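Novice: I'm passing along query_20.pdb; it holds PDB, C-alpha atoms.
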ATOM      1  CA  MET X  47     129.025 131.737   1.237  1.00  0.00           C
ATOM      2  CA  VAL X  48     125.638 132.795   2.542  1.00  0.00           C
ATOM      3  CA  VAL X  49     124.848 131.671   6.075  1.00  0.00           C
ATOM      4  CA  LEU X  50     121.153 131.548   6.994  1.00  0.00           C
ATOM      5  CA  HIS X  51     119.912 132.125  10.538  1.00  0.00           C
ATOM      6  CA  HIS X  52     116.387 131.965  11.994  1.00  0.00           C
ATOM      7  CA  THR X  53     115.160 133.668  15.147  1.00  0.00           C
ATOM      8  CA  LYS X  54     111.777 133.099  16.765  1.00  0.00           C
ATOM      9  CA  ASN X  55     111.514 136.202  18.951  1.00  0.00           C
ATOM     10  CA  TYR X  56     113.110 139.529  19.817  1.00  0.00           C
ATOM     11  CA  GLU X  57     115.395 138.112  22.513  1.00  0.00           C
ATOM     12  CA  GLU X  58     116.853 135.495  20.140  1.00  0.00           C
ATOM     13  CA  PHE X  59     117.209 138.182  17.485  1.00  0.00           C
ATOM     14  CA  THR X  60     119.148 140.610  19.693  1.00  0.00           C
ATOM     15  CA  MET X  61     121.479 137.877  20.968  1.00  0.00           C
ATOM     16  CA  LEU X  62     122.209 136.663  17.439  1.00  0.00           C
ATOM     17  CA  MET X  63     122.750 140.184  16.096  1.00  0.00           C
ATOM     18  CA  LYS X  64     125.278 140.953  18.827  1.00  0.00           C
ATOM     19  CA  THR X  65     127.287 137.891  17.800  1.00  0.00           C
ATOM     20  CA  LEU X  66     126.988 138.607  14.072  1.00  0.00           C
ATOM     21  CA  GLU X  67     127.980 142.269  14.481  1.00  0.00           C
ATOM     22  CA  GLU X  68     131.233 141.129  16.071  1.00  0.00           C
ATOM     23  CA  SER X  69     132.019 139.078  12.953  1.00  0.00           C
ATOM     24  CA  LYS X  70     132.139 142.287  10.838  1.00  0.00           C
ATOM     25  CA  GLN X  71     130.450 140.390   8.000  1.00  0.00           C
ATOM     26  CA  GLN X  72     127.611 141.790   5.924  1.00  0.00           C
ATOM     27  CA  ILE X  73     124.157 141.141   7.432  1.00  0.00           C
ATOM     28  CA  PHE X  74     120.693 141.224   5.890  1.00  0.00           C
ATOM     29  CA  VAL X  75     117.584 140.755   8.004  1.00  0.00           C
ATOM     30  CA  ILE X  76     114.236 139.562   6.651  1.00  0.00           C
ATOM     31  CA  PHE X  77     111.442 140.380   9.079  1.00  0.00           C
ATOM     32  CA  THR X  78     108.418 138.127   8.772  1.00  0.00           C
ATOM     33  CA  GLY X  79     105.374 136.969  10.677  1.00  0.00           C
ATOM     34  CA  THR X  80     105.683 133.922  12.913  1.00  0.00           C
ATOM     35  CA  PRO X  81     104.372 130.737  11.264  1.00  0.00           C
ATOM     36  CA  ASN X  82     100.955 129.439  12.271  1.00  0.00           C
ATOM     37  CA  GLU X  83     100.026 125.806  12.986  1.00  0.00           C
ATOM     38  CA  SER X  84     100.331 124.918   9.289  1.00  0.00           C
ATOM     39  CA  GLY X  85     103.921 126.188   9.232  1.00  0.00           C
ATOM     40  CA  GLU X  86     103.147 129.211   7.057  1.00  0.00           C
ATOM     41  CA  SER X  87     103.478 132.825   8.161  1.00  0.00           C
ATOM     42  CA  TRP X  88     100.185 134.511   9.088  1.00  0.00           C
ATOM     43  CA  CYS X  89     101.421 137.420   6.940  1.00  0.00           C
ATOM     44  CA  SER X  90     100.222 136.747   3.390  1.00  0.00           C
ATOM     45  CA  ASP X  91     102.623 139.352   1.951  1.00  0.00           C
ATOM     46  CA  CYS X  92     105.491 137.499   3.651  1.00  0.00           C
ATOM     47  CA  VAL X  93     104.361 134.183   2.169  1.00  0.00           C
ATOM     48  CA  GLU X  94     104.205 135.765  -1.286  1.00  0.00           C
ATOM     49  CA  ALA X  95     107.614 137.448  -0.990  1.00  0.00           C
ATOM     50  CA  ASP X  96     109.525 134.503   0.496  1.00  0.00           C
ATOM     51  CA  PRO X  97     110.183 132.535  -2.733  1.00  0.00           C
ATOM     52  CA  VAL X  98     111.104 135.729  -4.616  1.00  0.00           C
ATOM     53  CA  ILE X  99     113.619 136.734  -1.936  1.00  0.00           C
ATOM     54  CA  LYS X 100     115.103 133.229  -1.788  1.00  0.00           C
ATOM     55  CA  LYS X 101     115.502 133.127  -5.575  1.00  0.00           C
ATOM     56  CA  GLN X 102     117.294 136.490  -5.607  1.00  0.00           C
ATOM     57  CA  ILE X 103     119.590 135.411  -2.765  1.00  0.00           C
ATOM     58  CA  GLU X 104     120.636 132.445  -4.925  1.00  0.00           C
ATOM     59  CA  HIS X 105     120.948 134.699  -7.980  1.00  0.00           C
ATOM     60  CA  ASN X 106     123.241 137.099  -6.095  1.00  0.00           C
ATOM     61  CA  GLU X 107     125.487 134.614  -4.279  1.00  0.00           C
ATOM     62  CA  GLU X 108     128.611 136.147  -5.849  1.00  0.00           C
ATOM     63  CA  TYR X 109     127.836 139.445  -4.073  1.00  0.00           C
ATOM     64  CA  LEU X 110     126.841 137.736  -0.860  1.00  0.00           C
ATOM     65  CA  SER X 111     130.020 135.873   0.012  1.00  0.00           C
ATOM     66  CA  ASP X 112     130.646 136.042   3.760  1.00  0.00           C
ATOM     67  CA  THR X 113     127.098 137.273   4.299  1.00  0.00           C
ATOM     68  CA  ASN X 114     124.677 136.404   7.068  1.00  0.00           C
ATOM     69  CA  ILE X 115     120.975 136.422   6.319  1.00  0.00           C
ATOM     70  CA  VAL X 116     118.674 136.413   9.321  1.00  0.00           C
ATOM     71  CA  TYR X 117     115.013 135.435   9.083  1.00  0.00           C
ATOM     72  CA  ALA X 118     113.520 137.211  12.091  1.00  0.00           C
ATOM     73  CA  GLN X 119     110.014 136.263  13.208  1.00  0.00           C
ATOM     74  CA  VAL X 120     108.272 139.272  14.776  1.00  0.00           C
ATOM     75  CA  GLY X 121     105.497 137.360  16.519  1.00  0.00           C
ATOM     76  CA  LYS X 122     102.016 136.015  16.004  1.00  0.00           C
ATOM     77  CA  ARG X 123      99.427 138.182  14.274  1.00  0.00           C
ATOM     78  CA  GLU X 124      98.010 139.512  17.553  1.00  0.00           C
ATOM     79  CA  GLU X 125     101.542 140.326  18.771  1.00  0.00           C
ATOM     80  CA  TRP X 126     102.157 142.452  15.664  1.00  0.00           C
ATOM     81  CA  LYS X 127      98.886 143.963  14.448  1.00  0.00           C
ATOM     82  CA  ASN X 128      97.742 147.063  16.347  1.00  0.00           C
ATOM     83  CA  ASN X 129     100.442 146.479  18.969  1.00  0.00           C
ATOM     84  CA  ASN X 130     102.733 149.478  19.263  1.00  0.00           C
ATOM     85  CA  ASP X 131     104.612 147.727  22.082  1.00  0.00           C
ATOM     86  CA  ASN X 132     106.084 145.070  19.791  1.00  0.00           C
ATOM     87  CA  PRO X 133     109.850 145.256  20.511  1.00  0.00           C
ATOM     88  CA  PHE X 134     110.716 145.199  16.794  1.00  0.00           C
ATOM     89  CA  LYS X 135     108.659 148.371  16.360  1.00  0.00           C
ATOM     90  CA  LEU X 136     110.298 150.024  19.381  1.00  0.00           C
ATOM     91  CA  ASP X 137     113.937 149.166  18.589  1.00  0.00           C
ATOM     92  CA  LYS X 138     115.549 152.356  17.252  1.00  0.00           C
ATOM     93  CA  ARG X 139     117.963 150.358  15.075  1.00  0.00           C
ATOM     94  CA  ILE X 140     115.041 148.775  13.230  1.00  0.00           C
ATOM     95  CA  ARG X 141     111.912 150.945  13.578  1.00  0.00           C
ATOM     96  CA  LEU X 142     109.975 148.188  11.879  1.00  0.00           C
ATOM     97  CA  GLN X 143     106.610 149.245  10.486  1.00  0.00           C
ATOM     98  CA  PHE X 144     105.691 146.788   7.745  1.00  0.00           C
ATOM     99  CA  LEU X 145     106.005 143.104   6.887  1.00  0.00           C
ATOM    100  CA  PRO X 146     107.847 141.784   5.110  1.00  0.00           C
ATOM    101  CA  THR X 147     110.866 144.038   5.403  1.00  0.00           C
ATOM    102  CA  LEU X 148     114.346 143.251   4.104  1.00  0.00           C
ATOM    103  CA  LEU X 149     116.962 145.368   5.864  1.00  0.00           C
ATOM    104  CA  LYS X 150     120.668 145.703   5.156  1.00  0.00           C
ATOM    105  CA  TRP X 151     121.816 145.819   8.776  1.00  0.00           C
ATOM    106  CA  GLY X 152     123.671 148.921   9.865  1.00  0.00           C
ATOM    107  CA  THR X 153     122.413 150.967   6.921  1.00  0.00           C
ATOM    108  CA  LEU X 154     119.290 152.803   5.847  1.00  0.00           C
ATOM    109  CA  HIS X 155     118.797 150.399   2.933  1.00  0.00           C
ATOM    110  CA  LYS X 156     115.552 148.445   3.164  1.00  0.00           C
ATOM    111  CA  LEU X 157     112.722 147.058   1.098  1.00  0.00           C
ATOM    112  CA  GLN X 158     109.189 146.809   2.444  1.00  0.00           C
ATOM    113  CA  VAL X 159     106.041 144.873   1.505  1.00  0.00           C
ATOM    114  CA  GLU X 160     105.557 144.871  -2.310  1.00  0.00           C
ATOM    115  CA  GLU X 161     109.138 146.077  -2.889  1.00  0.00           C
ATOM    116  CA  CYS X 162     110.220 142.607  -1.696  1.00  0.00           C
ATOM    117  CA  LEU X 163     108.429 141.145  -4.741  1.00  0.00           C
ATOM    118  CA  LYS X 164     110.580 143.030  -7.250  1.00  0.00           C
ATOM    119  CA  PRO X 165     113.695 141.120  -8.338  1.00  0.00           C
ATOM    120  CA  ASP X 166     115.371 144.288  -9.661  1.00  0.00           C
ATOM    121  CA  LEU X 167     115.083 146.016  -6.260  1.00  0.00           C
ATOM    122  CA  LEU X 168     116.284 142.893  -4.459  1.00  0.00           C
ATOM    123  CA  ASN X 169     119.252 142.705  -6.824  1.00  0.00           C
ATOM    124  CA  MET X 170     120.099 146.354  -6.129  1.00  0.00           C
ATOM    125  CA  ILE X 171     120.147 145.902  -2.344  1.00  0.00           C
ATOM    126  CA  PHE X 172     122.131 142.649  -2.527  1.00  0.00           C
ATOM    127  CA  GLU X 173     124.626 143.978  -5.083  1.00  0.00           C
ATOM    128  CA  ASP X 174     125.268 147.208  -3.171  1.00  0.00           C
ATOM    129  CA  THR X 175     128.358 146.156  -1.247  1.00  0.00           C
ATOM    130  CA  GLU X 176     130.170 149.504  -1.592  1.00  0.00           C
ATOM    131  CA  ASP X 177     129.329 151.356   1.606  1.00  0.00           C
ATOM    132  CA  ASN X 178     127.262 150.951   4.722  1.00  0.00           C
ATOM    133  CA  SER X 179     125.288 154.167   4.666  1.00  0.00           C
TER     134      SER X 179
END
Transcribe the structure of this file into structure tokens.
Specialist:
Amino acid sequence: MVVLHHTKNYEEFTMLMKTLEESKQQIFVIFTGTPNESGESWCSDCVEADPVIKKQIEHNEEYLSDTNIVYAQVGKREEWKNNNDNPFKLDKRIRLQFLPTLLKWGTLHKLQVEECLKPDLLNMIFEDTEDNS
């Protein structure tokens, strides 16, 4: 079963990840822009990728049993754009550069920006349950 989590800032994210890491279950993180007043992310690429990612999560549920998927909001536009002090950019485990980014936690496997729109690439990252490298 896939368990979805949502974090609104870096502090929530780090606390949740510490707990999830202890569970030893597979973790994927989807980094996205924080929603604006209308409830939609300020990041248009994130808005475009969201339904594609969600569809592929459903499509790959057999590979994602006992998996945690974390939707991590990186901040408002001004907290992300041209801000090299954003904690998601500084964290050596993440080294986030682009939105959206889908990361298989604890590995080097990730998809960024337009790669998140490609079902075949999403399938590959979700189906790769062999190793964590």
Novice: Evaluated on this file, the PyMOL selection byres ((chain X and resi 118) around 8) picks out some residues - which ones are they, written as a PyMOL selection string?
Specialist: chain X and resi 52-55+59+75-78+116-117+119-120
Novice: Determine the residue membership of the PyMOL selection byres ((chain X and resi 98-100) around 8) for the file above and supply it as a ChimeraX atom specification.
Specialist: /X:94-97,101-104,162-165,168
Novice: For atom CA of Val93 of chain X and atom CA of Pro81 of chain X, quote the distance in Å rounded to one decimal.
Specialist: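 According to the coordinates, atom CA of Val93 of chain X and atom CA of Pro81 of chain X are separated by 9.7 Å.
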Novice: Find the residue from X:Gln72, X:Thr80, X:Asn129, X:Thr60 that sits nearest to Ile171 of chain X; use only C-alpha atoms when measuring.
Specialist: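 Smallest separation from Ile171 of chain X among the options: X:Gln72.
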Novice: Name the residues that the PyMOL selection byres ((chain X and resi 156) around 10) pulls out of this structure, and write them as a ChimeraX atom specification.
Specialist: /X:74-76,147-151,153-155,157-158,161-162,167-168,171
Novice: Report as a ChimeraX atom specification all protein, DNA and RNA residues lying within 12 Å of Glu108 of chain X, evaluated on only C-alpha atoms, omitting residues in the same chain fewer than 6 positions from it.
Specialist: /X:47-48,102,169,172-175
Novice: Can you work out the spacing between atom CA of Glu58 of chain X and atom CA of Ser87 of chain X in Å, to one decimal?
Specialist: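 A separation of 18.2 Å between them.
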Novice: Nearest residue to Cys92 of chain X out of X:Leu110, X:Val159, X:Ile73, X:Leu66, using all atoms listed in the file?
Specialist: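 Closest to Cys92 of chain X of all the choices is X:Val159.
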Novice: Would you compute the distance between atom CA of Asn106 of chain X and atom CA of Tyr56 of chain X? Give it in Å to one decimal.
Specialist: 27.9 Å
Novice: Which of these, X:Thr113, X:Gln71, X:Ser90, X:Ser84, has the shortest distance to Leu145 of chain X once you count only C-alpha atoms?
Specialist: X:Ser90
Novice: Using all atoms listed in the file, find the one residue out of X:Ser111, X:Asp166, X:Ser69, X:Glu124 that sits nearest to Cys89 of chain X.
Specialist: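 The answer is X:Glu124, which sits nearest to Cys89 of chain X.
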Novice: Using all atoms listed in the file and a cutoff of 12 Å, can you tell me which residues are near (119.1, 148.0, 19.0) in the file's coordinates, and write them out as a list in words?
Specialist: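 It turns out the residues near that spot are Tyr56, Glu57, Phe59, Thr60, Met61, Leu62, Met63, Lys64, Glu67, Pro133, Phe134, Lys135, Leu136, Asp137, Lys138, Arg139, Ile140, Arg141, Leu142, Trp151 and Gly152 of chain X.
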Novice: Let me make sure I understand: among X:Asp91, X:Glu86, X:Glu107, X:Asp112, which one has the smallest atom-to-atom distance to Phe144 of chain X if we use all atoms listed in the file?
Specialist: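 The shortest atom-to-atom distance to Phe144 of chain X comes from X:Asp91.
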Novice: Nearest to Glu83 of chain X among X:Pro146, X:Lys122, X:Lys127, X:Asn132, with distances taken over only C-alpha atoms: which residue is it?
Specialist: X:Lys122
